[in-house]
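For reference, the structure discussed in these notes is given below.
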Amino acid sequence: MASTQSASINDMGDPLRPYVPGNETPEEKRKRVNLEKQAKKRSDAIDKQLKAEREERDKQKTAKLLLLGSSESGKTTVLKQLKIIHGKGLSDERQRYRRIVHLNVLTAIKALANALVTLGYTIKPENKQHLDRIINLTTIKNTLNRNSITVQAAIRDQQLDDNSQDLFMENINTVMALWNDPAIKQCYNSASEIGLQDSAKYFLDNVERFGKDNYLPTDEDILQARIRTVGVAEHRFEIADVVYRIFDVGGHRSQRHFWAPYFDDVNAIIFMAAISAFDQTLEDSDINRMIDILKHKLEDVKVKVKDYFPEYQGDNKFQSVSKFFQRKFLSRNNNDEKHIYVHFTHATDTKQMRVIVASVNDIVQRMNLKASGLI
Ligand SMILES: Nc1nc2c(ncn2[C@@H]2O[C@H](COP(=O)(O)OP(=O)(O)OP(=O)(O)O)[C@@H](O)[C@H]2O)c(=O)[nH]1
Ligand SMILES: [Mg+2]
């Protein structure tokens with residue numbers, strides 16, 4: 001009869017109901033149910049333990065890393081490198097970066113034109129009209145301001161893309177003429193004082209390519225492109241079985257209040273410092289902020305480190321100067337439990353960054369093994 005197949009309300013909690021012997025006495029049933037309850041309890045305890053072990057393993061396999069440092073120290077550049085080395089690459093961003101490349105070119109030439117006026121250098125007569133044109137690009141001042149949020153918005157806003165492309169194409173010949181002028185090149189030697197971005201030369205040297213109809217930024221263009229980070233962005237990468245949660249923050253002063261909540265349970269902080277910037281001040285204050293441009297400054301422009309760090313007694317060579325900066329960073333560590341590992345690199349060089357990323361991964365892996373008591 002069908003009724004032998006259907007379960008009464010009392011049997012609902014009995015998972016073995018279909019296998020219950022037909023001639024079971026009430027006492028046998030009580031014992032059986034008890035045994036089943038105990039088995040379920042043991043099974044639940046095992047599940048719980050397995051879950052806890054899995055969580056512990058996952059925790060060991062996840063590393064939270066914070067990228068910190070002042071504005072333009074190369075945090076977002078490191079993140080782009082991670083995407084190239086351990087992520088999906090930069091293809092998704094190529095289209096969006098075109099406008100940033102165009103705006104970076106205009107920003108650079110505008111900064112040089114302004115500097116030329118301030119420094120009082122004389123431009124070739126035939127370039128005077130070009131100079132005036134760039135100086136008068138004031139109506140788009142906000143778009144051209146590399147510290148402006150408008151530039152940040154430019155990667156999202158299609159209309160700005162069209163504007164920046166039009167604006168770039170309208171001025172391409174002007175930019176090329178000015179960049180070839182000896183007086184503008186002279187201003188370039190004062191790049192630090194006029195706040196010119198490190199990649200200005202790269203952008204100005206490649207203007208013709210950026211003006212081609214089907215221009216799409218290369219990986220190198222994207223690595224050189226500069227856009228200020230606003231807020232905090234989380235990115236995930238898997239490197240040698242470890243899941244890295246990496247937080248890229250805005251380094252500008254106005255952005256630093258966003259940093260605080262992200263310090264909780266971090267495994268490591270990657271602190272970026274542009275050591276070429278030892279002669280520059282931190283944004284709008286007079287606090288001194290500290291990469292290949294360093295060599296140029298020391299050896300060609302002959303900027304003296306002693307003038308900025310009076311306690312420095314060494315020569316003005318790259319080796320001694322970089323050792324000095326390394327010691328300065330290490331001396332800030334007051335906690336023996338915490339380690340500072342110093343690496344010198346070009347954040348824009350993918351080959352060099354591969355080595356650094358492998359080394360960071362090695363350190364994190366060792367920290368995890370130590371935490372789990374395996375070493
Ligand atoms: N020459 C040189 N340029 C670099 C190096 N690292 C980064 N840059 C360039 O310097 C600029 C740094 O920009 P970002 O990586 O956006 O700097 P950031 O630290 O993220 O700055 P914020 O987002 O404002 O905090 C970019 O134009 C890079 O191409 C380097 O090692 N050498
Ligand atoms: Mg950034």
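By order in the structure tokens, chains are A, B, ...; within a chain, residues start at 1; ligands start at 1, following the order shown.
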
7 Å from ligand 1 is the threshold here; counting only C-alpha atoms and all ligand atoms, which polymer residues fall inside it? Answer as number ranges by chain. A: 69-78, 197-199, 223-230, 249-252, 291-293, 345-348

Taking the chain letters and numbering used in this document, name the residues of segment 77-242 of chain A that DSSP puts in strand (DSSP E), as an MDAnalysis selection string. chainID A and resid 232:239 242

So which residues touch Ile184 of chain A within 12 Å, counting only C-alpha atoms, skipping near sequence neighbours fewer than 3 positions away, as a ChimeraX atom specification? /A:108-124,127-128,130-131,175-181,187-191,201,204

Can you spit out the residues from that selection as an mmCIF file, in the first residue's frame, using N, CA and C atoms?
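Dumped everything to result_35.cif:
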```cif
data_model
loop_
_atom_site.group_PDB
_atom_site.id
_atom_site.type_symbol
_atom_site.label_atom_id
_atom_site.label_comp_id
_atom_site.auth_asym_id
_atom_site.auth_seq_id
_atom_site.Cartn_x
_atom_site.Cartn_y
_atom_site.Cartn_z
ATOM 1 N N ALA A 108 51.785 68.100 -20.190
ATOM 2 C CA ALA A 108 53.240 68.270 -20.174
ATOM 3 C C ALA A 108 53.655 69.512 -20.949
ATOM 4 N N ILE A 109 53.090 69.698 -22.143
ATOM 5 C CA ILE A 109 53.519 70.850 -22.962
ATOM 6 C C ILE A 109 53.050 72.155 -22.321
ATOM 7 N N LYS A 110 51.880 72.089 -21.692
ATOM 8 C CA LYS A 110 51.362 73.292 -21.021
ATOM 9 C C LYS A 110 52.294 73.685 -19.867
ATOM 10 N N ALA A 111 52.741 72.686 -19.085
ATOM 11 C CA ALA A 111 53.643 72.971 -17.961
ATOM 12 C C ALA A 111 54.945 73.574 -18.474
ATOM 13 N N LEU A 112 55.457 73.054 -19.611
ATOM 14 C CA LEU A 112 56.715 73.567 -20.164
ATOM 15 C C LEU A 112 56.533 74.980 -20.704
ATOM 16 N N ALA A 113 55.378 75.235 -21.339
ATOM 17 C CA ALA A 113 55.120 76.584 -21.888
ATOM 18 C C ALA A 113 55.023 77.596 -20.751
ATOM 19 N N ASN A 114 54.325 77.237 -19.693
ATOM 20 C CA ASN A 114 54.211 78.144 -18.540
ATOM 21 C C ASN A 114 55.585 78.414 -17.945
ATOM 22 N N ALA A 115 56.399 77.336 -17.848
ATOM 23 C CA ALA A 115 57.738 77.480 -17.257
ATOM 24 C C ALA A 115 58.591 78.409 -18.104
ATOM 25 N N LEU A 116 58.438 78.309 -19.430
ATOM 26 C CA LEU A 116 59.232 79.152 -20.324
ATOM 27 C C LEU A 116 58.970 80.635 -20.052
ATOM 28 N N VAL A 117 57.693 80.943 -19.849
ATOM 29 C CA VAL A 117 57.336 82.339 -19.561
ATOM 30 C C VAL A 117 57.933 82.752 -18.211
ATOM 31 N N THR A 118 57.750 81.902 -17.200
ATOM 32 C CA THR A 118 58.257 82.223 -15.862
ATOM 33 C C THR A 118 59.772 82.376 -15.863
ATOM 34 N N LEU A 119 60.463 81.463 -16.555
ATOM 35 C CA LEU A 119 61.934 81.491 -16.541
ATOM 36 C C LEU A 119 62.500 82.552 -17.482
ATOM 37 N N GLY A 120 61.650 83.091 -18.339
ATOM 38 C CA GLY A 120 62.070 84.178 -19.229
ATOM 39 C C GLY A 120 62.959 83.738 -20.378
ATOM 40 N N TYR A 121 62.874 82.460 -20.799
ATOM 41 C CA TYR A 121 63.675 82.026 -21.945
ATOM 42 C C TYR A 121 63.050 82.542 -23.244
ATOM 43 N N THR A 122 63.875 82.605 -24.307
ATOM 44 C CA THR A 122 63.377 83.133 -25.582
ATOM 45 C C THR A 122 63.130 81.996 -26.565
ATOM 46 N N ILE A 123 61.898 81.976 -27.053
ATOM 47 C CA ILE A 123 61.508 80.933 -27.997
ATOM 48 C C ILE A 123 61.824 81.406 -29.418
ATOM 49 N N LYS A 124 61.998 80.471 -30.375
ATOM 50 C CA LYS A 124 62.228 80.861 -31.778
ATOM 51 C C LYS A 124 61.035 81.679 -32.251
ATOM 52 N N ASN A 127 57.894 80.074 -33.468
ATOM 53 C CA ASN A 127 57.118 79.264 -32.515
ATOM 54 C C ASN A 127 56.303 80.098 -31.537
ATOM 55 N N LYS A 128 56.408 81.415 -31.664
ATOM 56 C CA LYS A 128 55.720 82.331 -30.746
ATOM 57 C C LYS A 128 54.201 82.083 -30.751
ATOM 58 N N HIS A 130 52.676 79.361 -31.496
ATOM 59 C CA HIS A 130 52.381 78.073 -30.852
ATOM 60 C C HIS A 130 52.387 78.221 -29.328
ATOM 61 N N LEU A 131 53.357 79.002 -28.860
ATOM 62 C CA LEU A 131 53.462 79.221 -27.411
ATOM 63 C C LEU A 131 52.188 79.904 -26.891
ATOM 64 N N VAL A 175 52.194 71.190 -30.526
ATOM 65 C CA VAL A 175 52.959 70.454 -29.520
ATOM 66 C C VAL A 175 54.307 70.028 -30.110
ATOM 67 N N MET A 176 54.275 69.493 -31.336
ATOM 68 C CA MET A 176 55.521 69.009 -31.956
ATOM 69 C C MET A 176 56.491 70.164 -32.194
ATOM 70 N N ALA A 177 55.957 71.295 -32.657
ATOM 71 C CA ALA A 177 56.840 72.449 -32.930
ATOM 72 C C ALA A 177 57.487 72.931 -31.635
ATOM 73 N N LEU A 178 56.690 73.026 -30.581
ATOM 74 C CA LEU A 178 57.245 73.532 -29.314
ATOM 75 C C LEU A 178 58.285 72.573 -28.736
ATOM 76 N N TRP A 179 57.977 71.280 -28.780
ATOM 77 C CA TRP A 179 58.888 70.289 -28.184
ATOM 78 C C TRP A 179 60.245 70.268 -28.905
ATOM 79 N N ASN A 180 60.247 70.740 -30.176
ATOM 80 C CA ASN A 180 61.512 70.787 -30.914
ATOM 81 C C ASN A 180 62.268 72.080 -30.690
ATOM 82 N N ASP A 181 61.657 72.986 -29.938
ATOM 83 C CA ASP A 181 62.311 74.287 -29.724
ATOM 84 C C ASP A 181 63.365 74.187 -28.605
ATOM 85 N N CYS A 187 63.811 74.310 -20.656
ATOM 86 C CA CYS A 187 62.852 74.270 -19.538
ATOM 87 C C CYS A 187 62.740 72.848 -19.002
ATOM 88 N N TYR A 188 62.837 71.857 -19.921
ATOM 89 C CA TYR A 188 62.718 70.459 -19.506
ATOM 90 C C TYR A 188 63.777 70.096 -18.468
ATOM 91 N N ASN A 189 64.936 70.736 -18.536
ATOM 92 C CA ASN A 189 65.990 70.469 -17.545
ATOM 93 C C ASN A 189 65.599 70.943 -16.151
ATOM 94 N N SER A 190 64.591 71.798 -16.082
ATOM 95 C CA SER A 190 64.099 72.251 -14.776
ATOM 96 C C SER A 190 62.843 71.484 -14.389
ATOM 97 N N ALA A 191 62.711 70.252 -14.928
ATOM 98 C CA ALA A 191 61.473 69.476 -14.739
ATOM 99 C C ALA A 191 61.007 69.401 -13.289
ATOM 100 N N LYS A 201 58.759 63.379 -21.032
ATOM 101 C CA LYS A 201 59.605 63.236 -22.223
ATOM 102 C C LYS A 201 59.085 62.097 -23.108
ATOM 103 N N LEU A 204 56.032 63.352 -24.984
ATOM 104 C CA LEU A 204 56.321 64.365 -26.002
ATOM 105 C C LEU A 204 57.131 63.789 -27.162
#
```

Could you state the separation of atom CA of Ala183 of chain A and atom CA of Pro125 of chain A in Å, given to one decimal place? 11.3 Å

Would you please give, as a PDB file with N, CA and C atoms, in the first residue's frame, all residues of segment 188-312 of chain A that DSSP assigns to alpha helix (DSSP H) based on the backbone?
```pdb
ATOM      1  N   TYR A 188      62.837  71.857 -19.921  1.00  0.00           N
ATOM      2  CA  TYR A 188      62.718  70.459 -19.506  1.00  0.00           C
ATOM      3  C   TYR A 188      63.777  70.096 -18.468  1.00  0.00           C
ATOM      4  N   ALA A 200      56.942  62.849 -18.893  1.00  0.00           N
ATOM      5  CA  ALA A 200      56.686  63.927 -19.869  1.00  0.00           C
ATOM      6  C   ALA A 200      57.474  63.718 -21.162  1.00  0.00           C
ATOM      7  N   LYS A 201      58.759  63.379 -21.032  1.00  0.00           N
ATOM      8  CA  LYS A 201      59.605  63.236 -22.223  1.00  0.00           C
ATOM      9  C   LYS A 201      59.085  62.097 -23.108  1.00  0.00           C
ATOM     10  N   TYR A 202      58.719  60.990 -22.471  1.00  0.00           N
ATOM     11  CA  TYR A 202      58.194  59.845 -23.217  1.00  0.00           C
ATOM     12  C   TYR A 202      56.989  60.273 -24.051  1.00  0.00           C
ATOM     13  N   PHE A 203      56.089  61.000 -23.422  1.00  0.00           N
ATOM     14  CA  PHE A 203      54.871  61.406 -24.134  1.00  0.00           C
ATOM     15  C   PHE A 203      55.167  62.387 -25.255  1.00  0.00           C
ATOM     16  N   LEU A 204      56.032  63.352 -24.984  1.00  0.00           N
ATOM     17  CA  LEU A 204      56.321  64.365 -26.002  1.00  0.00           C
ATOM     18  C   LEU A 204      57.131  63.789 -27.162  1.00  0.00           C
ATOM     19  N   ASP A 205      57.951  62.770 -26.882  1.00  0.00           N
ATOM     20  CA  ASP A 205      58.733  62.136 -27.957  1.00  0.00           C
ATOM     21  C   ASP A 205      57.854  61.296 -28.883  1.00  0.00           C
ATOM     22  N   VAL A 207      54.490  61.907 -29.770  1.00  0.00           N
ATOM     23  CA  VAL A 207      53.248  62.600 -30.140  1.00  0.00           C
ATOM     24  C   VAL A 207      52.687  62.147 -31.487  1.00  0.00           C
ATOM     25  N   GLU A 208      53.576  61.961 -32.474  1.00  0.00           N
ATOM     26  CA  GLU A 208      53.118  61.615 -33.823  1.00  0.00           C
ATOM     27  C   GLU A 208      52.314  60.304 -33.803  1.00  0.00           C
ATOM     28  N   ARG A 209      52.847  59.332 -33.069  1.00  0.00           N
ATOM     29  CA  ARG A 209      52.169  58.022 -32.980  1.00  0.00           C
ATOM     30  C   ARG A 209      50.796  58.154 -32.325  1.00  0.00           C
ATOM     31  N   PHE A 210      50.712  59.005 -31.288  1.00  0.00           N
ATOM     32  CA  PHE A 210      49.432  59.168 -30.569  1.00  0.00           C
ATOM     33  C   PHE A 210      48.370  59.838 -31.443  1.00  0.00           C
ATOM     34  N   ASP A 219      51.163  48.620 -23.987  1.00  0.00           N
ATOM     35  CA  ASP A 219      51.391  48.417 -22.549  1.00  0.00           C
ATOM     36  C   ASP A 219      52.316  49.504 -22.010  1.00  0.00           C
ATOM     37  N   GLU A 220      53.369  49.811 -22.788  1.00  0.00           N
ATOM     38  CA  GLU A 220      54.328  50.811 -22.348  1.00  0.00           C
ATOM     39  C   GLU A 220      53.645  52.183 -22.189  1.00  0.00           C
ATOM     40  N   ASP A 221      52.766  52.537 -23.147  1.00  0.00           N
ATOM     41  CA  ASP A 221      52.053  53.825 -23.038  1.00  0.00           C
ATOM     42  C   ASP A 221      51.237  53.864 -21.751  1.00  0.00           C
ATOM     43  N   ILE A 222      50.574  52.730 -21.439  1.00  0.00           N
ATOM     44  CA  ILE A 222      49.723  52.692 -20.249  1.00  0.00           C
ATOM     45  C   ILE A 222      50.567  52.784 -18.983  1.00  0.00           C
ATOM     46  N   LEU A 223      51.726  52.122 -19.005  1.00  0.00           N
ATOM     47  CA  LEU A 223      52.613  52.176 -17.827  1.00  0.00           C
ATOM     48  C   LEU A 223      53.135  53.594 -17.604  1.00  0.00           C
ATOM     49  N   GLN A 224      53.326  54.322 -18.683  1.00  0.00           N
ATOM     50  CA  GLN A 224      53.852  55.684 -18.552  1.00  0.00           C
ATOM     51  C   GLN A 224      52.745  56.686 -18.237  1.00  0.00           C
ATOM     52  N   ILE A 293      65.653  58.648 -13.048  1.00  0.00           N
ATOM     53  CA  ILE A 293      65.817  60.082 -13.147  1.00  0.00           C
ATOM     54  C   ILE A 293      66.815  60.552 -12.085  1.00  0.00           C
ATOM     55  N   LEU A 294      66.939  59.746 -11.011  1.00  0.00           N
ATOM     56  CA  LEU A 294      67.889  60.088  -9.958  1.00  0.00           C
ATOM     57  C   LEU A 294      69.287  60.206 -10.561  1.00  0.00           C
ATOM     58  N   LYS A 295      69.676  59.216 -11.359  1.00  0.00           N
ATOM     59  CA  LYS A 295      71.009  59.226 -11.984  1.00  0.00           C
ATOM     60  C   LYS A 295      71.198  60.479 -12.819  1.00  0.00           C
TER      61      LYS A 295
END
```

Work out how far apart atom CA of Glu126 of chain A and atom CA of Val301 of chain A are and give it in Å to one decimal.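 Distance between the two atoms: 28.8 Å.
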
Hey, can you check how far atom CA of Leu196 of chain A sits from atom CA of Leu106 of chain A? 11.7 Å

Just want the 10 Å neighbourhood of Asp315 of chain A, counted on only C-alpha atoms, with same-chain residues fewer than 2 positions away dropped. Output as a list in words.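 Skipping anything fewer than 2 positions along the chain leaves Leu298, Lys304, Val305, Lys306, Tyr312, Gln313, Lys317, Phe318, Gln319, Ser320 and Val321 of chain A.
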
Write to file, as a tab-separated table (two decimals), in the first residue's frame, the residues of the selection just made, with C-alpha atoms.
```
chain	number	residue	atom	x	y	z
A	298	LEU	CA	72.97	63.49	-9.89
A	304	LYS	CA	73.59	68.04	-4.85
A	305	VAL	CA	71.98	65.71	-2.28
A	306	LYS	CA	73.83	67.64	0.47
A	312	TYR	CA	74.70	63.56	3.97
A	313	GLN	CA	78.51	63.31	3.83
A	317	LYS	CA	77.12	59.16	-7.05
A	318	PHE	CA	74.05	56.97	-7.51
A	319	GLN	CA	75.43	54.07	-5.40
A	320	SER	CA	76.24	56.13	-2.32
A	321	VAL	CA	73.10	58.22	-2.55
```
